[in-house]
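Text of final_6.tsv, listed as TSV, C-alpha atoms:
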```
chain	number	residue	atom	x	y	z
Z	1	MET	CA	0.00	0.00	0.00
Z	2	THR	CA	1.36	3.41	-0.94
Z	3	ARG	CA	1.75	6.24	1.55
Z	4	MET	CA	-1.33	8.06	0.21
Z	5	GLU	CA	-3.41	4.88	0.21
Z	6	THR	CA	-2.46	4.32	3.84
Z	7	ILE	CA	-3.47	7.86	4.74
Z	8	GLU	CA	-6.82	7.63	2.96
Z	9	SER	CA	-7.61	4.31	4.62
Z	10	LEU	CA	-6.91	5.75	8.10
Z	11	ARG	CA	-8.48	9.19	7.67
Z	12	PRO	CA	-12.04	8.12	8.67
Z	13	LEU	CA	-10.75	6.58	11.91
Z	14	LEU	CA	-8.64	9.64	12.73
Z	15	LEU	CA	-11.53	12.03	12.09
Z	16	SER	CA	-13.87	9.82	14.12
Z	17	ILE	CA	-11.56	9.85	17.14
Z	18	THR	CA	-10.86	13.57	16.95
Z	19	TYR	CA	-14.45	14.69	16.40
Z	20	ARG	CA	-15.63	12.67	19.40
Z	21	MET	CA	-12.80	14.10	21.49
Z	22	LEU	CA	-13.47	17.75	20.57
Z	23	GLY	CA	-17.06	18.02	19.35
Z	24	GLY	CA	-15.95	20.22	16.46
Z	25	VAL	CA	-15.75	19.37	12.76
Z	26	SER	CA	-13.24	22.04	11.74
Z	27	ASP	CA	-11.08	21.40	14.82
Z	28	ALA	CA	-11.05	17.68	14.03
Z	29	GLU	CA	-10.01	18.32	10.44
Z	30	ASP	CA	-7.23	20.69	11.53
Z	31	ILE	CA	-5.79	18.17	13.98
Z	32	VAL	CA	-5.91	15.32	11.48
Z	33	GLN	CA	-4.14	17.51	8.94
Z	34	GLU	CA	-1.42	18.35	11.47
Z	35	ALA	CA	-1.00	14.65	12.33
Z	36	LEU	CA	-0.63	13.75	8.66
Z	37	LEU	CA	2.02	16.45	8.20
Z	38	ARG	CA	3.96	14.98	11.12
Z	39	TYR	CA	3.62	11.52	9.61
Z	40	HIS	CA	5.03	12.75	6.29
Z	41	ARG	CA	7.92	14.52	8.04
Z	42	GLU	CA	8.83	11.40	10.02
Z	43	LEU	CA	8.81	9.22	6.91
Z	44	ASP	CA	10.80	11.76	4.91
Z	45	ALA	CA	13.39	11.81	7.72
Z	46	GLY	CA	13.80	8.05	7.39
Z	47	ALA	CA	11.73	6.95	10.40
Z	48	ASP	CA	10.61	3.32	10.48
Z	49	ILE	CA	6.89	3.59	11.33
Z	50	ARG	CA	5.76	-0.01	11.50
Z	51	SER	CA	2.15	0.80	12.40
Z	52	PRO	CA	0.82	3.98	10.76
Z	53	LYS	CA	-2.48	3.42	12.59
Z	54	ALA	CA	-0.79	3.41	16.00
Z	55	PHE	CA	1.42	6.40	15.14
Z	56	LEU	CA	-1.37	8.58	13.74
Z	57	SER	CA	-3.93	7.60	16.40
Z	58	ALA	CA	-1.43	8.58	19.08
Z	59	VAL	CA	-0.69	11.93	17.45
Z	60	VAL	CA	-4.34	12.96	16.97
Z	61	THR	CA	-5.25	11.84	20.49
Z	62	ARG	CA	-2.40	13.79	22.10
Z	63	LEU	CA	-3.16	16.89	20.05
Z	64	ALA	CA	-6.84	16.62	20.98
Z	65	ILE	CA	-5.99	16.29	24.69
Z	66	ASP	CA	-3.86	19.43	24.50
Z	67	GLN	CA	-6.62	21.31	22.69
Z	68	LEU	CA	-9.26	20.18	25.18
Z	69	ARG	CA	-7.21	21.49	28.08
Z	70	SER	CA	-7.05	24.93	26.51
Z	71	ALA	CA	-10.70	24.75	25.45
Z	72	GLN	CA	-12.00	24.14	28.97
Z	73	MET	CA	-11.34	27.74	29.98
Z	74	ARG	CA	-13.03	29.01	26.81
Z	75	ARG	CA	-16.08	26.85	27.53
Z	76	GLU	CA	-16.41	28.46	30.97
Z	77	THR	CA	-16.75	31.90	29.34
Z	78	TYR	CA	-18.86	30.73	26.38
Z	79	SER	CA	-21.97	32.85	25.84
Z	80	GLY	CA	-25.03	30.73	26.54
Z	81	GLN	CA	-25.29	26.97	26.17
Z	82	TRP	CA	-22.45	25.10	24.45
Z	83	ILE	CA	-23.48	22.33	22.03
Z	84	PRO	CA	-21.05	20.39	19.80
Z	85	GLU	CA	-20.91	21.23	16.11
Z	86	PRO	CA	-23.70	19.25	14.43
Z	87	LEU	CA	-22.75	16.63	11.88
Z	88	LEU	CA	-24.88	15.41	8.98
Z	89	THR	CA	-24.91	11.62	9.00
Z	90	ASP	CA	-27.53	10.70	6.42
Z	91	GLY	CA	-27.08	9.90	2.76
Z	92	ASP	CA	-23.68	8.52	1.87
Z	93	ALA	CA	-21.56	7.17	4.72
Z	94	ASP	CA	-19.75	10.11	6.28
Z	95	ALA	CA	-16.06	9.82	7.13
Z	96	LEU	CA	-16.70	11.16	10.61
Z	97	ALA	CA	-19.67	8.96	11.36
Z	98	SER	CA	-19.02	5.66	9.66
Z	99	ALA	CA	-16.49	4.19	12.06
Z	100	GLU	CA	-18.80	3.36	14.96
Z	101	GLN	CA	-22.40	3.12	16.14
Z	102	SER	CA	-24.58	6.21	16.04
Z	103	GLU	CA	-24.99	6.54	19.81
Z	104	SER	CA	-21.35	7.48	20.36
Z	105	ILE	CA	-21.67	10.40	17.96
Z	106	SER	CA	-25.02	11.76	19.17
Z	107	LEU	CA	-25.02	15.28	20.57
Z	108	ALA	CA	-26.33	13.93	23.89
Z	109	PHE	CA	-23.43	11.49	24.15
Z	110	LEU	CA	-20.83	14.09	23.12
Z	111	LEU	CA	-22.16	16.37	25.86
Z	112	LEU	CA	-21.80	13.52	28.37
Z	113	LEU	CA	-18.13	13.29	27.42
Z	114	GLU	CA	-17.76	16.88	28.66
Z	115	ARG	CA	-18.01	15.49	32.19
Z	116	LEU	CA	-14.70	13.68	31.73
Z	117	SER	CA	-11.18	15.03	31.93
Z	118	PRO	CA	-9.32	15.10	28.59
Z	119	VAL	CA	-7.31	11.98	29.44
Z	120	GLU	CA	-10.37	10.12	30.77
Z	121	ARG	CA	-12.19	10.97	27.56
Z	122	ALA	CA	-9.32	9.67	25.45
Z	123	VAL	CA	-9.04	6.41	27.39
Z	124	PHE	CA	-12.79	5.81	27.32
Z	125	LEU	CA	-13.18	6.50	23.60
Z	126	LEU	CA	-10.13	4.57	22.51
Z	127	HIS	CA	-11.12	1.50	24.51
Z	128	ASP	CA	-14.92	1.42	24.61
Z	129	VAL	CA	-15.67	2.94	21.19
Z	130	PHE	CA	-12.62	2.16	19.05
Z	131	ALA	CA	-11.50	-1.12	20.68
Z	132	PHE	CA	-7.87	-0.19	21.33
Z	133	GLY	CA	-6.09	-2.38	23.85
Z	134	TYR	CA	-5.06	-0.92	27.21
Z	135	ASP	CA	-1.42	-1.52	26.32
Z	136	GLU	CA	-1.83	0.67	23.20
Z	137	ILE	CA	-3.75	3.31	25.12
Z	138	ALA	CA	-1.15	3.46	27.89
Z	139	GLU	CA	1.53	4.32	25.36
Z	140	ILE	CA	-0.66	6.95	23.71
Z	141	VAL	CA	-1.62	8.85	26.88
Z	142	GLY	CA	1.61	8.27	28.83
Z	143	LYS	CA	0.02	6.34	31.71
Z	144	SER	CA	0.49	2.83	33.03
Z	145	GLU	CA	-1.82	0.11	31.77
Z	146	ALA	CA	-3.30	-0.29	35.27
Z	147	ASN	CA	-3.91	3.43	35.49
Z	148	CYS	CA	-5.69	3.41	32.14
Z	149	ARG	CA	-7.98	0.64	33.36
Z	150	GLN	CA	-8.85	2.76	36.42
Z	151	LEU	CA	-9.47	5.81	34.25
Z	152	ALA	CA	-11.77	3.77	32.01
Z	153	VAL	CA	-13.78	2.49	34.98
Z	154	ARG	CA	-14.20	6.01	36.35
Z	155	ALA	CA	-15.17	7.38	32.92
Z	156	ARG	CA	-17.63	4.55	32.36
Z	157	ARG	CA	-19.30	5.31	35.69
Z	158	HIS	CA	-19.83	8.96	34.71
Z	159	ILE	CA	-21.14	8.01	31.27
Z	160	GLU	CA	-23.54	5.34	32.52
Z	161	ALA	CA	-25.06	7.78	35.02
Z	162	GLY	CA	-26.32	9.98	32.21
Z	163	ARG	CA	-26.29	7.76	29.11
Z	164	PRO	CA	-29.18	8.69	26.79
Z	165	ARG	CA	-31.80	6.06	26.03
Z	166	PHE	CA	-32.86	6.46	22.42
Z	167	GLU	CA	-35.79	4.89	20.59
Z	168	ALA	CA	-34.62	1.46	19.46
Z	169	SER	CA	-36.42	1.56	16.12
Z	170	ARG	CA	-34.97	4.00	13.60
Z	171	GLN	CA	-38.20	3.85	11.61
Z	172	ALA	CA	-40.24	4.87	14.67
Z	173	ARG	CA	-37.84	7.75	15.39
Z	174	ASP	CA	-37.96	9.00	11.81
Z	175	GLU	CA	-41.76	8.81	11.65
Z	176	LEU	CA	-42.14	10.77	14.89
Z	177	ALA	CA	-39.56	13.33	13.73
Z	178	ALA	CA	-41.45	13.85	10.47
Z	179	ARG	CA	-44.72	14.44	12.34
Z	180	PHE	CA	-42.94	16.70	14.84
Z	181	PHE	CA	-41.37	19.02	12.27
Z	182	ALA	CA	-44.60	19.10	10.26
Z	183	ALA	CA	-46.41	20.25	13.41
Z	184	VAL	CA	-43.73	22.91	14.03
Z	185	SER	CA	-44.06	24.18	10.45
Z	186	ASP	CA	-47.87	24.24	10.66
Z	187	GLY	CA	-48.04	25.67	14.19
Z	188	GLU	CA	-50.08	22.75	15.60
Z	189	LEU	CA	-49.88	23.40	19.34
Z	190	ASP	CA	-51.97	20.44	20.52
Z	191	GLY	CA	-50.20	18.04	18.18
Z	192	LEU	CA	-46.81	19.17	19.48
Z	193	VAL	CA	-47.82	18.75	23.13
Z	194	GLU	CA	-48.86	15.16	22.42
Z	195	MET	CA	-45.43	14.35	20.95
Z	196	LEU	CA	-43.39	15.91	23.76
Z	197	ALA	CA	-42.34	14.25	27.01
Z	198	THR	CA	-43.70	16.09	30.05
Z	199	ASP	CA	-40.18	17.07	31.09
Z	200	VAL	CA	-38.87	17.77	27.55
Z	201	VAL	CA	-35.98	20.23	27.41
Z	202	VAL	CA	-34.91	22.64	24.65
Z	203	TYR	CA	-31.28	23.75	24.49
Z	204	GLY	CA	-30.01	26.50	22.20
Z	205	ASP	CA	-26.49	27.47	21.14
Z	206	GLY	CA	-26.07	30.91	19.60
Z	207	GLY	CA	-22.58	31.48	20.97
Z	208	GLY	CA	-23.35	35.17	21.44
Z	209	LYS	CA	-23.32	35.53	17.64
Z	210	ALA	CA	-27.00	34.84	16.96
Z	211	PRO	CA	-30.26	35.03	18.92
Z	212	GLN	CA	-30.30	32.42	21.67
Z	213	TRP	CA	-32.16	31.33	24.78
Z	214	ALA	CA	-30.33	32.28	27.98
Z	215	ALA	CA	-31.16	28.96	29.65
Z	216	PRO	CA	-32.75	25.62	28.80
Z	217	ILE	CA	-36.54	25.68	28.44
Z	218	VAL	CA	-38.33	22.85	30.24
Z	219	GLY	CA	-41.83	21.40	30.07
Z	220	SER	CA	-44.11	20.30	27.25
Z	221	ASP	CA	-46.45	23.30	27.37
Z	222	ARG	CA	-43.67	25.91	27.37
Z	223	VAL	CA	-41.70	24.09	24.69
Z	224	ALA	CA	-44.75	23.61	22.47
Z	225	ARG	CA	-45.59	27.33	22.63
Z	226	LEU	CA	-41.96	28.18	21.85
Z	227	LEU	CA	-41.98	25.88	18.83
Z	228	VAL	CA	-45.26	27.31	17.53
Z	229	GLY	CA	-43.66	30.76	17.67
Z	230	LEU	CA	-40.59	29.49	15.81
Z	231	GLY	CA	-42.81	27.89	13.19
Z	232	ARG	CA	-44.57	31.20	12.70
Z	233	GLN	CA	-41.23	32.96	12.14
Z	234	ILE	CA	-40.10	30.25	9.71
Z	235	ARG	CA	-43.25	30.67	7.62
Z	236	ALA	CA	-43.08	34.46	7.68
Z	237	ALA	CA	-39.43	34.41	6.54
Z	238	GLY	CA	-40.20	32.07	3.63
Z	239	ALA	CA	-37.81	29.54	5.15
Z	240	ARG	CA	-38.15	25.77	4.99
Z	241	VAL	CA	-37.48	22.84	7.28
Z	242	GLU	CA	-35.39	20.07	5.73
Z	243	LEU	CA	-35.45	16.72	7.54
Z	244	ARG	CA	-31.97	15.25	8.00
Z	245	GLN	CA	-30.06	12.84	10.22
Z	246	LEU	CA	-27.83	14.79	12.62
Z	247	ASN	CA	-25.19	12.94	14.62
Z	248	GLY	CA	-27.01	9.67	14.03
Z	249	GLN	CA	-30.33	10.98	15.34
Z	250	PRO	CA	-33.35	12.56	13.59
Z	251	GLY	CA	-33.19	16.30	13.07
Z	252	ALA	CA	-33.61	19.08	10.57
Z	253	LEU	CA	-31.87	21.98	8.87
Z	254	VAL	CA	-33.75	25.25	8.61
Z	255	ARG	CA	-32.88	27.09	5.40
Z	256	ASP	CA	-33.84	30.57	4.24
Z	257	SER	CA	-35.47	31.25	0.87
Z	258	ALA	CA	-32.03	31.28	-0.79
Z	259	GLY	CA	-31.10	27.88	0.67
Z	260	LYS	CA	-28.68	29.23	3.30
Z	261	VAL	CA	-28.56	27.48	6.66
Z	262	ILE	CA	-30.31	29.35	9.48
Z	263	SER	CA	-30.10	26.70	12.20
Z	264	VAL	CA	-30.26	22.99	12.92
Z	265	PHE	CA	-32.44	20.99	15.29
Z	266	ALA	CA	-31.51	17.57	16.66
Z	267	LEU	CA	-34.01	15.42	18.56
Z	268	ASP	CA	-33.58	12.86	21.33
Z	269	ILE	CA	-36.50	10.43	21.00
Z	270	GLY	CA	-37.33	7.70	23.49
Z	271	ASN	CA	-40.46	5.69	24.34
Z	272	GLY	CA	-42.33	7.31	21.48
Z	273	LEU	CA	-41.81	10.90	22.66
Z	274	VAL	CA	-39.43	13.78	21.98
Z	275	ARG	CA	-37.35	14.10	25.16
Z	276	ALA	CA	-34.80	16.75	24.21
Z	277	ILE	CA	-34.35	19.27	21.40
Z	278	ARG	CA	-30.99	20.85	20.66
Z	279	SER	CA	-30.81	23.86	18.40
Z	280	VAL	CA	-27.57	25.29	17.01
Z	281	ILE	CA	-27.77	28.74	15.42
Z	282	ASN	CA	-24.19	29.88	16.10
Z	283	PRO	CA	-22.96	30.60	12.54
Z	284	ASP	CA	-19.43	29.45	13.40
Z	285	LYS	CA	-20.80	25.96	14.07
Z	286	LEU	CA	-22.80	25.79	10.85
Z	287	ARG	CA	-20.32	26.88	8.17
Z	288	HIS	CA	-19.21	23.31	7.41
Z	289	LEU	CA	-22.84	22.63	6.35
Z	290	GLY	CA	-22.81	25.29	3.63
Z	291	PRO	CA	-23.51	29.03	3.24
Z	292	VAL	CA	-24.97	30.48	6.46
Z	293	ALA	CA	-27.89	32.91	6.58
Z	294	ASP	CA	-27.79	36.34	8.22
Z	295	VAL	CA	-30.21	35.65	11.08
Z	296	TYR	CA	-30.26	39.21	12.41
Z	297	GLY	CA	-30.99	40.45	8.88
Z	298	LEU	CA	-33.92	38.03	8.63
Z	299	LEU	CA	-35.28	39.21	11.97
Z	300	ARG	CA	-35.06	42.85	10.85
Z	301	GLN	CA	-37.02	42.00	7.72
Z	302	LEU	CA	-39.69	40.25	9.81
Z	303	ARG	CA	-40.04	43.25	12.11
Z	304	GLN	CA	-40.30	45.66	9.18
Z	305	SER	CA	-42.97	43.57	7.47
Z	306	SER	CA	-45.08	43.07	10.60
```

The structure in this file should be written as structure tokens.
Amino acid sequence: MTRMETIESLRPLLLSITYRMLGGVSDAEDIVQEALLRYHRELDAGADIRSPKAFLSAVVTRLAIDQLRSAQMRRETYSGQWIPEPLLTDGDADALASAEQSESISLAFLLLLERLSPVERAVFLLHDVFAFGYDEIAEIVGKSEANCRQLAVRARRHIEAGRPRFEASRQARDELAARFFAAVSDGELDGLVEMLATDVVVYGDGGGKAPQWAAPIVGSDRVARLLVGLGRQIRAAGARVELRQLNGQPGALVRDSAGKVISVFALDIGNGLVRAIRSVINPDKLRHLGPVADVYGLLRQLRQSS
């Protein structure tokens, strides 16, 4: 296998590890690119890299740990609620999503990983999601094998305490999501209430760069009224709701009349009800999905026309 063939065969794994570590598409791509540059430099210098997978997995993991440590302070000062960058996972198999099961890439699961320290996160993902041995992981993170086992147990305990329980049937999830977004678009208050869990929660991430909710909104009645209002704005702006799979779960892109992305919605569905809704409208987290709409400009137009 040539050098480039080796790189292309490993790229999906490297992106999968790094995205799950960081929760950011562009950050993951930057780190993988840096790792590949280091790989080329080592080979050009005559290094004998017997396992490109081991070498590159170690580099991306260490770079991601370093970035996470610096990101923790930024997260503490983040404006509003922080949600990972959403990832489209429908259609053709995506390089970031194809390596493992959908649960480990869901927004709910990625947010659970935020409870772990950077090293705990690395150990947990490498072992429980990507099936690396503890001996390999110990070398990657610079800990003893026994220590890595302890870190994995501690991480697993944190994850299990909050692990999301999704609807088992993908068909059932997709059917409910289709009815849900149709009700949002049509402003059907009663229909929305029936599809929402009593304790449903809406989270929004505007990052201080787009309109956002200051805190999560809880309860089926409050959430349904909020969604009816959003549906009214979508109709008035001539926007459309496009059903998509986001991070392995049902969701939607909202596009303006020119096809630019306004926001995304991802749903957590369990026991036949919508249990959580996560909305990302921060333009910095949507650019990898295509051209992004000017949300404030749309709102000004709505106010002027009302």

Identify the residues within 9 Å of coordinate (-37.6, 13.9, 22.6) (same frame as the file), considering only C-alpha atoms, and give the answer as a PyMOL selection string. chain Z and resi 166+195-197+200-201+267-277

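Distances from Z:Gln171, Z:Thr2, Z:Ser26, Z:Ser144 to Z:His288 were compared using only C-alpha atoms, and the smallest one belongs to Z:Ser26.
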
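Using all atoms listed in the file, the shortest contact distance between Z:Leu246 and any of Z:Ser169, Z:Ser117, Z:Thr198, Z:Thr89 is found at Z:Thr89.
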
Residues near Z:Arg157, anyone? I mean within 12 Å using all atoms listed in the file, not counting same-chain ones fewer than 5 positions away, as an mmCIF file with C-alpha atoms, in the coordinates of the input.
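part29.cif was written with the following content:
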```cif
data_model
loop_
_atom_site.group_PDB
_atom_site.id
_atom_site.type_symbol
_atom_site.label_atom_id
_atom_site.label_comp_id
_atom_site.auth_asym_id
_atom_site.auth_seq_id
_atom_site.Cartn_x
_atom_site.Cartn_y
_atom_site.Cartn_z
ATOM 1 C CA LEU Z 112 -21.800 13.520 28.370
ATOM 2 C CA LEU Z 113 -18.130 13.290 27.420
ATOM 3 C CA ARG Z 115 -18.010 15.490 32.190
ATOM 4 C CA LEU Z 116 -14.700 13.680 31.730
ATOM 5 C CA GLU Z 120 -10.370 10.120 30.770
ATOM 6 C CA PHE Z 124 -12.790 5.810 27.320
ATOM 7 C CA GLN Z 150 -8.850 2.760 36.420
ATOM 8 C CA LEU Z 151 -9.470 5.810 34.250
ATOM 9 C CA ALA Z 152 -11.770 3.770 32.010
ATOM 10 C CA GLY Z 162 -26.320 9.980 32.210
ATOM 11 C CA ARG Z 163 -26.290 7.760 29.110
#
```

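When only C-alpha atoms are used to measure the gap to Z:Asp174, the shortest distance among Z:Gly204, Z:Pro118, Z:Gly191, Z:Gly251 belongs to Z:Gly251.
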
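Our summary of the geometry notes that atom CA of Z:Ile262 is positioned 15.0 Å from atom CA of Z:Gly208.
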
Restricting to all atoms listed in the file, whichever of Z:Phe130, Z:Trp213, Z:Tyr296, Z:Phe265 is closest to Z:Ser16 is Z:Phe130

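The coordinates place atom CA of Z:Asn282 at 17.6 Å from atom CA of Z:Leu110.
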
>> Please list as a ChimeraX atom specification every residue within 12 Å of Z:Leu302, counting all atoms listed in the file and excluding residues in the same chain fewer than 5 positions away.
In response: /Z:232-239,295-297

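Nearest to Z:Ile137 of all the residues Z:Leu43, Z:Ile105, Z:Ala155, Z:Ala54 is Z:Ala54, based on only C-alpha atoms.
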
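Interatomic distance, atom CA of Z:Val60 against atom CA of Z:Pro12: 12.3 Å.
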
Each residue of stretch 176-221 of chain Z lying at most 10 Å from stretch 67-78 of chain Z should get a row with its shortest atom-to-atom pair and the distance in Å to one decimal, counting all atoms listed in the file; could you produce that, ordered by chain and increasing number, as CSV?
```
residue,atom,partner,partner_atom,distance
Z:Asp205,CA,Z:Tyr78,CA,9.8
Z:Gly206,CA,Z:Tyr78,CA,9.9
Z:Gly207,CA,Z:Tyr78,CA,6.6
Z:Gly208,CA,Z:Tyr78,CA,8.0
```

Just the residues within 6 Å of stretch 253-260 of chain Z, please, counting only C-alpha atoms, with nothing from its chain fewer than 3 positions along; format it as a PyMOL selection string.
-> chain Z and resi 238-242+263-264+291-293

Can you fill out stretch 139-148 of chain Z with all heavy atoms and hand it back as a PDB file, in the frame of the given file?
```
ATOM      1  N   GLU Z 139       0.429   3.673  26.083  1.00  0.00           N
ATOM      2  CA  GLU Z 139       1.530   4.320  25.360  1.00  0.00           C
ATOM      3  C   GLU Z 139       1.089   5.651  24.767  1.00  0.00           C
ATOM      4  O   GLU Z 139       1.856   6.619  24.752  1.00  0.00           O
ATOM      5  CB  GLU Z 139       2.018   3.387  24.250  1.00  0.00           C
ATOM      6  CG  GLU Z 139       3.288   3.876  23.573  1.00  0.00           C
ATOM      7  CD  GLU Z 139       3.902   2.832  22.661  1.00  0.00           C
ATOM      8  OE1 GLU Z 139       3.569   1.633  22.785  1.00  0.00           O
ATOM      9  OE2 GLU Z 139       4.718   3.225  21.814  1.00  0.00           O
ATOM     10  N   ILE Z 140      -0.162   5.724  24.328  1.00  0.00           N
ATOM     11  CA  ILE Z 140      -0.660   6.950  23.710  1.00  0.00           C
ATOM     12  C   ILE Z 140      -0.770   8.084  24.730  1.00  0.00           C
ATOM     13  O   ILE Z 140      -0.363   9.215  24.475  1.00  0.00           O
ATOM     14  CB  ILE Z 140      -2.031   6.703  23.045  1.00  0.00           C
ATOM     15  CG1 ILE Z 140      -1.864   5.837  21.792  1.00  0.00           C
ATOM     16  CG2 ILE Z 140      -2.722   8.025  22.681  1.00  0.00           C
ATOM     17  CD1 ILE Z 140      -3.168   5.374  21.172  1.00  0.00           C
ATOM     18  N   VAL Z 141      -1.338   7.787  25.908  1.00  0.00           N
ATOM     19  CA  VAL Z 141      -1.620   8.850  26.880  1.00  0.00           C
ATOM     20  C   VAL Z 141      -0.523   9.003  27.934  1.00  0.00           C
ATOM     21  O   VAL Z 141      -0.599   9.891  28.792  1.00  0.00           O
ATOM     22  CB  VAL Z 141      -2.985   8.628  27.582  1.00  0.00           C
ATOM     23  CG1 VAL Z 141      -4.109   8.606  26.561  1.00  0.00           C
ATOM     24  CG2 VAL Z 141      -2.982   7.348  28.418  1.00  0.00           C
ATOM     25  N   GLY Z 142       0.497   8.141  27.888  1.00  0.00           N
ATOM     26  CA  GLY Z 142       1.610   8.270  28.830  1.00  0.00           C
ATOM     27  C   GLY Z 142       1.266   7.866  30.243  1.00  0.00           C
ATOM     28  O   GLY Z 142       1.781   8.433  31.214  1.00  0.00           O
ATOM     29  N   LYS Z 143       0.395   6.873  30.398  1.00  0.00           N
ATOM     30  CA  LYS Z 143       0.020   6.340  31.710  1.00  0.00           C
ATOM     31  C   LYS Z 143       0.330   4.847  31.740  1.00  0.00           C
ATOM     32  O   LYS Z 143       0.554   4.226  30.701  1.00  0.00           O
ATOM     33  CB  LYS Z 143      -1.478   6.550  31.979  1.00  0.00           C
ATOM     34  CG  LYS Z 143      -1.966   7.985  31.871  1.00  0.00           C
ATOM     35  CD  LYS Z 143      -1.606   8.783  33.094  1.00  0.00           C
ATOM     36  CE  LYS Z 143      -2.213  10.182  33.036  1.00  0.00           C
ATOM     37  NZ  LYS Z 143      -1.849  10.994  34.214  1.00  0.00           N
ATOM     38  N   SER Z 144       0.314   4.280  32.939  1.00  0.00           N
ATOM     39  CA  SER Z 144       0.490   2.830  33.030  1.00  0.00           C
ATOM     40  C   SER Z 144      -0.783   2.140  32.567  1.00  0.00           C
ATOM     41  O   SER Z 144      -1.872   2.737  32.561  1.00  0.00           O
ATOM     42  CB  SER Z 144       0.801   2.421  34.464  1.00  0.00           C
ATOM     43  OG  SER Z 144      -0.345   2.584  35.284  1.00  0.00           O
ATOM     44  N   GLU Z 145      -0.652   0.880  32.203  1.00  0.00           N
ATOM     45  CA  GLU Z 145      -1.820   0.110  31.770  1.00  0.00           C
ATOM     46  C   GLU Z 145      -2.846   0.022  32.886  1.00  0.00           C
ATOM     47  O   GLU Z 145      -4.052   0.167  32.650  1.00  0.00           O
ATOM     48  CB  GLU Z 145      -1.369  -1.276  31.316  1.00  0.00           C
ATOM     49  CG  GLU Z 145      -2.427  -2.046  30.566  1.00  0.00           C
ATOM     50  CD  GLU Z 145      -1.889  -3.326  29.946  1.00  0.00           C
ATOM     51  OE1 GLU Z 145      -0.687  -3.365  29.610  1.00  0.00           O
ATOM     52  OE2 GLU Z 145      -2.668  -4.282  29.816  1.00  0.00           O
ATOM     53  N   ALA Z 146      -2.380  -0.206  34.125  1.00  0.00           N
ATOM     54  CA  ALA Z 146      -3.300  -0.290  35.270  1.00  0.00           C
ATOM     55  C   ALA Z 146      -4.018   1.031  35.480  1.00  0.00           C
ATOM     56  O   ALA Z 146      -5.224   1.068  35.779  1.00  0.00           O
ATOM     57  CB  ALA Z 146      -2.523  -0.686  36.526  1.00  0.00           C
ATOM     58  N   ASN Z 147      -3.302   2.112  35.324  1.00  0.00           N
ATOM     59  CA  ASN Z 147      -3.910   3.430  35.490  1.00  0.00           C
ATOM     60  C   ASN Z 147      -4.965   3.673  34.436  1.00  0.00           C
ATOM     61  O   ASN Z 147      -6.029   4.253  34.715  1.00  0.00           O
ATOM     62  CB  ASN Z 147      -2.816   4.505  35.429  1.00  0.00           C
ATOM     63  CG  ASN Z 147      -3.295   5.835  35.951  1.00  0.00           C
ATOM     64  OD1 ASN Z 147      -4.095   6.492  35.308  1.00  0.00           O
ATOM     65  ND2 ASN Z 147      -2.793   6.241  37.112  1.00  0.00           N
ATOM     66  N   CYS Z 148      -4.706   3.241  33.213  1.00  0.00           N
ATOM     67  CA  CYS Z 148      -5.690   3.410  32.140  1.00  0.00           C
ATOM     68  C   CYS Z 148      -6.962   2.613  32.432  1.00  0.00           C
ATOM     69  O   CYS Z 148      -8.071   3.092  32.151  1.00  0.00           O
ATOM     70  CB  CYS Z 148      -5.091   2.976  30.807  1.00  0.00           C
ATOM     71  SG  CYS Z 148      -3.886   4.139  30.131  1.00  0.00           S
TER      72      CYS Z 148
END
```
